[in-house]
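Asker: Okay, so here is work_26.txt, and as you'll see once you scroll down, it has compact mmCIF, C-alpha atoms.
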# COMPACT_ATOMS: atom_id res chain seq x y z
CA MET A 1 -10.35 -11.61 -14.73
CA THR A 2 -7.68 -11.36 -17.37
CA LEU A 3 -4.40 -9.52 -17.10
CA SER A 4 -5.74 -6.46 -18.92
CA HIS A 5 -8.44 -6.03 -16.29
CA PHE A 6 -5.82 -6.01 -13.58
CA VAL A 7 -3.62 -3.55 -15.49
CA ILE A 8 -6.57 -1.17 -15.82
CA LEU A 9 -7.51 -1.62 -12.16
CA SER A 10 -4.01 -0.97 -10.85
CA LEU A 11 -3.55 2.03 -13.14
CA MET A 12 -6.83 3.45 -11.82
CA LEU A 13 -5.63 2.94 -8.24
CA CYS A 14 -2.33 4.65 -9.06
CA ALA A 15 -4.16 7.60 -10.65
CA ILE A 16 -6.44 7.91 -7.60
CA GLY A 17 -3.39 7.93 -5.34
CA VAL A 18 -1.63 10.55 -7.46
CA TYR A 19 -4.76 12.70 -7.24
CA GLY A 20 -4.65 12.37 -3.46
CA VAL A 21 -0.96 13.22 -3.27
CA LEU A 22 -1.53 16.34 -5.36
CA THR A 23 -4.62 17.59 -3.56
CA ARG A 24 -4.12 16.67 0.10
CA ARG A 25 -2.48 19.35 2.21
CA ASN A 26 -2.05 17.26 5.33
CA LEU A 27 1.04 15.08 5.69
CA ILE A 28 -0.90 12.09 7.04
CA GLY A 29 -3.35 12.46 4.15
CA ILE A 30 -0.46 12.36 1.69
CA LEU A 31 0.80 9.21 3.44
CA LEU A 32 -2.66 7.59 3.05
CA SER A 33 -2.64 8.46 -0.67
CA VAL A 34 0.81 6.94 -1.07
CA GLU A 35 -0.62 3.76 0.49
CA VAL A 36 -3.27 3.73 -2.25
CA ILE A 37 -0.53 4.00 -4.90
CA LEU A 38 1.42 1.16 -3.29
CA ASN A 39 -1.76 -0.93 -3.16
CA GLY A 40 -2.18 -0.61 -6.92
CA ARG A 41 1.45 -1.47 -7.49
CA GLN A 42 1.24 -4.56 -5.31
CA SER A 43 -1.93 -5.86 -6.94
CA GLN A 44 -0.20 -5.58 -10.32
CA PHE A 45 2.84 -7.50 -9.04
CA CYS A 46 0.63 -10.21 -7.60
CA ARG A 47 -1.26 -10.63 -10.86
CA VAL A 48 1.93 -10.98 -12.90
CA CYS A 49 3.83 -13.22 -10.50
CA PRO A 50 2.27 -16.59 -11.54
CA PHE A 51 3.74 -16.22 -15.02
CA GLN A 52 7.12 -17.52 -15.94
CA GLY A 53 9.40 -16.56 -18.76
CA ILE A 54 8.41 -12.94 -19.27
CA MET B 1 -19.44 -16.08 -11.66
CA GLY B 2 -15.77 -15.28 -11.08
CA ASP B 3 -15.92 -12.37 -13.50
CA TYR B 4 -18.89 -10.79 -11.76
CA LEU B 5 -17.18 -11.22 -8.39
CA PHE B 6 -14.07 -9.57 -9.78
CA TYR B 7 -16.09 -6.65 -11.15
CA ALA B 8 -17.89 -6.19 -7.83
CA LEU B 9 -14.65 -6.32 -5.84
CA ALA B 10 -12.85 -3.98 -8.25
CA THR B 11 -15.71 -1.46 -8.17
CA ALA B 12 -15.75 -1.54 -4.37
CA LEU B 13 -11.96 -1.19 -4.30
CA VAL B 14 -12.01 1.87 -6.57
CA ILE B 15 -14.86 3.47 -4.61
CA PHE B 16 -13.17 2.91 -1.26
CA SER B 17 -9.86 4.23 -2.60
CA LEU B 18 -11.63 7.34 -3.90
CA LEU B 19 -13.22 7.81 -0.47
CA ALA B 20 -9.84 7.32 1.23
CA VAL B 21 -8.34 10.00 -0.98
CA GLY B 22 -11.21 12.48 -1.05
CA LEU B 23 -12.92 12.48 2.34
CA PRO B 24 -12.23 15.61 4.38
CA ASN B 25 -11.99 13.77 7.69
CA LEU B 26 -8.74 11.84 7.98
CA LEU B 27 -10.23 9.26 10.36
CA HIS B 28 -12.92 8.38 7.82
CA SER B 29 -10.31 8.10 5.05
CA ALA B 30 -8.22 5.71 7.13
CA ILE B 31 -11.28 3.55 7.81
CA SER B 32 -12.18 3.44 4.11
CA LEU B 33 -8.56 2.54 3.37
CA ILE B 34 -9.05 -0.47 5.67
CA ALA B 35 -12.05 -1.49 3.53
CA ALA B 36 -9.98 -1.02 0.36
CA PHE B 37 -7.26 -3.28 1.78
CA PHE B 38 -9.86 -5.94 2.60
CA MET B 39 -11.08 -5.80 -1.01
CA THR B 40 -7.50 -6.20 -2.21
CA ALA B 41 -7.05 -9.20 0.06
CA ALA B 42 -10.21 -10.73 -1.44
CA LEU B 43 -8.75 -10.20 -4.91
CA TYR B 44 -5.56 -11.97 -3.84
CA ILE B 45 -7.60 -14.91 -2.57
CA MET B 46 -9.32 -15.02 -5.98
CA LEU B 47 -5.85 -15.21 -7.54
CA GLN B 48 -5.00 -18.17 -5.23
CA LEU B 49 -2.35 -16.15 -3.41
CA GLU B 50 -3.38 -16.96 0.13
CA PHE B 51 -0.09 -16.02 1.72
CA VAL B 52 -0.13 -12.54 0.19
CA ALA B 53 -3.76 -12.09 1.24
CA LEU B 54 -2.95 -13.03 4.84
CA THR B 55 0.08 -10.75 4.79
CA GLN B 56 -2.08 -7.94 3.45
CA ILE B 57 -4.57 -8.33 6.27
CA MET B 58 -2.03 -8.83 9.05
CA LEU B 59 0.62 -6.30 8.05
CA TYR B 60 -1.30 -3.57 6.26
CA ILE B 61 -4.58 -3.59 8.18
CA GLY B 62 -3.26 -4.84 11.49
CA GLY B 63 -0.04 -2.86 11.41
CA ILE B 64 0.23 0.15 9.18
CA ILE B 65 -3.37 1.35 9.21
CA ILE B 66 -3.75 0.88 12.96
CA PHE B 67 -0.54 2.86 13.38
CA MET B 68 -1.95 5.61 11.16
CA LEU B 69 -5.21 5.61 13.13
CA ILE B 70 -3.23 6.08 16.34
CA ILE B 71 -1.30 8.97 14.76
CA ILE B 72 -4.52 10.61 13.54
CA LEU B 73 -6.23 10.22 16.91
CA LEU B 74 -3.18 11.57 18.74
CA THR B 75 -2.73 14.60 16.51
CA THR B 76 -6.17 15.70 15.37
CA GLY B 77 -8.82 13.92 17.40
CA LEU B 78 -12.13 12.28 16.71
CA GLY B 79 -14.35 13.68 14.01
CA VAL B 80 -12.24 16.73 13.27
CA GLU B 81 -12.41 18.02 9.72
CA ASP B 82 -9.18 18.78 7.93
CA ARG B 83 -8.48 22.47 8.39
CA TYR B 84 -6.28 22.68 5.34
CA GLN B 85 -8.81 22.08 2.60
CA SER B 86 -7.37 22.59 -0.84
CA PRO B 87 -9.24 24.96 -3.17
CA ASN B 88 -11.30 23.78 -6.10
CA SER B 89 -8.74 24.92 -8.66
CA ARG B 90 -6.13 22.68 -7.06
CA ARG B 91 -8.56 19.75 -7.00
CA LEU B 92 -9.30 20.30 -10.70
CA ALA B 93 -5.61 20.47 -11.54
CA GLY B 94 -4.93 17.29 -9.56
CA ALA B 95 -7.79 15.48 -11.30
CA ALA B 96 -6.47 16.61 -14.69
CA VAL B 97 -2.94 15.45 -13.93
CA SER B 98 -4.06 12.06 -12.63
CA ALA B 99 -6.46 11.54 -15.56
CA ALA B 100 -3.64 12.41 -17.97
CA LEU B 101 -1.40 9.91 -16.18
CA LEU B 102 -4.07 7.20 -16.30
CA PHE B 103 -4.95 7.59 -19.97
CA GLY B 104 -1.34 8.14 -21.02
CA LEU B 105 -0.24 4.94 -19.32
CA LEU B 106 -3.27 3.05 -20.69
CA TYR B 107 -2.42 4.26 -24.20
CA ALA B 108 1.26 3.46 -23.77
CA ILE B 109 0.57 -0.06 -22.53
CA GLY B 110 -2.33 -0.77 -24.89
CA SER B 111 -0.67 0.46 -28.07
CA LYS B 112 2.26 -1.91 -27.67
CA PRO B 113 0.91 -5.15 -26.24
CA SER B 114 3.86 -7.03 -24.89
CA ALA B 115 4.17 -10.70 -24.13
CA VAL B 116 2.68 -10.00 -20.72
CA LEU B 117 -0.60 -8.69 -22.09
CA VAL B 118 -0.91 -11.39 -24.73
CA GLU B 119 -0.77 -13.88 -21.89
CA ASN B 120 0.63 -16.81 -23.78
CA VAL B 121 3.57 -17.27 -21.46
CA HIS B 122 4.04 -20.35 -19.41
CA ARG B 123 2.15 -20.46 -16.14
CA ALA B 124 4.20 -21.42 -13.12
CA THR B 125 2.92 -23.86 -10.58
CA PRO B 126 1.19 -22.16 -7.66
CA VAL B 127 3.28 -21.72 -4.54
CA THR B 128 1.85 -23.00 -1.29
CA MET B 129 2.49 -21.60 2.17
CA ASP B 130 4.54 -24.66 3.09
CA ASP B 131 6.98 -23.93 0.28
CA ILE B 132 7.36 -20.34 1.40
CA GLY B 133 8.03 -21.36 5.00
CA LEU B 134 10.48 -24.06 4.07
CA ARG B 135 12.45 -21.84 1.72
CA LEU B 136 12.44 -18.96 4.16
CA LEU B 137 14.09 -20.97 6.91
CA SER B 138 16.28 -23.40 4.99
CA THR B 139 20.03 -22.99 4.72
CA GLY B 140 21.68 -23.94 1.48
CA LYS B 141 21.49 -22.61 -2.03
CA GLU B 142 17.72 -22.20 -2.29
CA GLY B 143 17.23 -20.98 1.26
CA PHE B 144 16.67 -17.50 2.55
CA VAL B 145 17.70 -17.87 6.18
CA VAL B 146 20.55 -15.35 6.02
CA PRO B 147 18.41 -12.46 4.66
CA PHE B 148 15.75 -13.44 7.19
CA GLU B 149 18.17 -13.08 10.09
CA ILE B 150 19.64 -9.86 8.68
CA ILE B 151 16.12 -8.40 8.52
CA SER B 152 15.59 -9.41 12.15
CA ILE B 153 18.77 -7.56 13.16
CA LEU B 154 17.62 -4.53 11.12
CA LEU B 155 14.29 -4.51 12.95
CA LEU B 156 16.10 -4.76 16.30
CA VAL B 157 18.32 -1.82 15.35
CA ALA B 158 15.25 0.20 14.34
CA LEU B 159 13.57 -0.63 17.66
CA VAL B 160 16.60 0.45 19.71
CA GLY B 161 16.98 3.57 17.58
CA ALA B 162 13.34 4.53 18.13
CA VAL B 163 13.79 4.16 21.89
CA VAL B 164 16.97 6.26 21.80
CA ILE B 165 15.28 9.00 19.74
CA ALA B 166 12.18 9.05 21.92
CA ARG B 167 14.16 9.16 25.18
CA ARG B 168 14.52 12.61 26.67
CA ASP B 169 18.12 13.48 27.19
CA SER B 170 18.50 14.31 30.89
CA SER B 171 21.73 16.31 30.48
CA VAL B 172 20.02 18.71 28.05
CA ILE B 173 17.20 19.31 30.54
CA SER B 174 19.56 19.89 33.48
CA HIS B 175 21.72 22.38 31.55
CA ASP B 176 18.75 24.44 30.50
CA ASP B 177 20.56 27.78 30.70
CA GLY B 178 22.20 27.67 27.32
CA GLN B 179 25.35 25.61 27.77
CA GLU B 180 24.28 22.23 26.45
CA GLU B 181 27.15 19.84 26.94
CA SER B 182 25.38 16.70 25.92
CA ALA B 183 27.89 14.26 24.53
Let me see whether you can do it: turn the structure in this file into structure tokens.
Answerer:
Amino acid sequence: MTLSHFVILSLMLCAIGVYGVLTRRNLIGILLSVEVILNGRQSQFCRVCPFQGI
Amino acid sequence: MGDYLFYALATALVIFSLLAVGLPNLLHSAISLIAAFFMTAALYIMLQLEFVALTQIMLYIGGIIIFMLIIILLTTGLGVEDRYQSPNSRRLAGAAVSAALLFGLLYAIGSKPSAVLVENVHRATPVTMDDIGLRLLSTGKEGFVVPFEIISILLLVALVGAVVIARRDSSVISHDDGQEESA
């Protein structure tokens, strides 16, 4: 569970969300895909936050 | 043991996110998004971030997703397929763009490993929930009570504004014959 694993995981989540934003044609579906993007972003933040002095 | 748990959780998270993005029924996608958020909360617990995990469950699952479920049930109904399916060419183009984004970012981050990826920086002490509560409500230099109160006022303003927007203006309804003199 190193930092690289989390970087890869959050990038995959962001790519999945971008795919959803590009392919959904319903506004609520686009909103759900944006939530997936934000989920990836937040998991990355939470993995980095225990480090100091970056 | 921890590594295998992480791999299992990450695989489930990716699968549920794919389902949330790709399923034709919006109700099913919202439910799989709930599962994806639970997996994320489990990952936060593995990182010893209990407060963020609880916030994830209470705010995202209990607030935002329930709100979305209500919107979906009010607008489309139970078990209704999405009428606006995108064609296969658009799906292919979206997959190509997102794969290009993924591998481009992976290459950009992996080719120049920064101090973050090397992971030799100093680890901070873990923050407990007591610390968060004390700092959130303490006055003084380290406290956050003023932003806390300002956020409360902002939420109150949003609540009143939602009521005002949702209220039907009676003067507009009474002057229905063209001359709307609503102030």
Asker: Using Å and a single decimal, report how far atom CA of Gly140 of chain B sits from atom CA of Gln42 of chain A.
Answerer: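 Rounded to one decimal, the two atoms are 29.0 Å apart.
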Asker: Tell me the residues of chain A close to chain B, meaning within 7 Å using all atoms listed in the file, as a list in words.
Answerer: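 Selected residues: Met1, Leu3, Ser4, Leu11, Met12, Leu13, Ala15, Ile16, Gly17, Val18, Tyr19, Gly20, Leu22, Thr23, Arg24, Arg25, Asn26, Gly29, Ser33, Val36, Pro50, Phe51, Gln52, Gly53 and Ile54 of chain A.
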Asker: Selection from above, C-alpha atoms, as an mmCIF file, in the coordinates of the input, can you write it?
Answerer:
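So selection31.cif came out as:
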data_model
loop_
_atom_site.group_PDB
_atom_site.id
_atom_site.type_symbol
_atom_site.label_atom_id
_atom_site.label_comp_id
_atom_site.auth_asym_id
_atom_site.auth_seq_id
_atom_site.Cartn_x
_atom_site.Cartn_y
_atom_site.Cartn_z
ATOM 1 C CA MET A 1 -10.350 -11.610 -14.730
ATOM 2 C CA LEU A 3 -4.400 -9.520 -17.100
ATOM 3 C CA SER A 4 -5.740 -6.460 -18.920
ATOM 4 C CA LEU A 11 -3.550 2.030 -13.140
ATOM 5 C CA MET A 12 -6.830 3.450 -11.820
ATOM 6 C CA LEU A 13 -5.630 2.940 -8.240
ATOM 7 C CA ALA A 15 -4.160 7.600 -10.650
ATOM 8 C CA ILE A 16 -6.440 7.910 -7.600
ATOM 9 C CA GLY A 17 -3.390 7.930 -5.340
ATOM 10 C CA VAL A 18 -1.630 10.550 -7.460
ATOM 11 C CA TYR A 19 -4.760 12.700 -7.240
ATOM 12 C CA GLY A 20 -4.650 12.370 -3.460
ATOM 13 C CA LEU A 22 -1.530 16.340 -5.360
ATOM 14 C CA THR A 23 -4.620 17.590 -3.560
ATOM 15 C CA ARG A 24 -4.120 16.670 0.100
ATOM 16 C CA ARG A 25 -2.480 19.350 2.210
ATOM 17 C CA ASN A 26 -2.050 17.260 5.330
ATOM 18 C CA GLY A 29 -3.350 12.460 4.150
ATOM 19 C CA SER A 33 -2.640 8.460 -0.670
ATOM 20 C CA VAL A 36 -3.270 3.730 -2.250
ATOM 21 C CA PRO A 50 2.270 -16.590 -11.540
ATOM 22 C CA PHE A 51 3.740 -16.220 -15.020
ATOM 23 C CA GLN A 52 7.120 -17.520 -15.940
ATOM 24 C CA GLY A 53 9.400 -16.560 -18.760
ATOM 25 C CA ILE A 54 8.410 -12.940 -19.270
#
Asker: Could you check how far atom CA of Leu32 of chain A sits from atom CA of Met58 of chain B, in Å to one decimal?
Answerer: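 Distance between the two atoms: 17.5 Å.
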Asker: For Phe45 of chain A, find every residue with an atom within 10 Å (counting only C-alpha atoms), except residues of its own chain fewer than 6 positions away, and show them as a PyMOL selection string.
Answerer: chain A and resi 6-7+10+39
Asker: Please indicate the distance in Å from atom CA of Cys14 of chain A to atom CA of Ile45 of chain B, rounded to one decimal place.
Answerer: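 Going from atom CA of Cys14 of chain A over to atom CA of Ile45 of chain B covers 21.3 Å.
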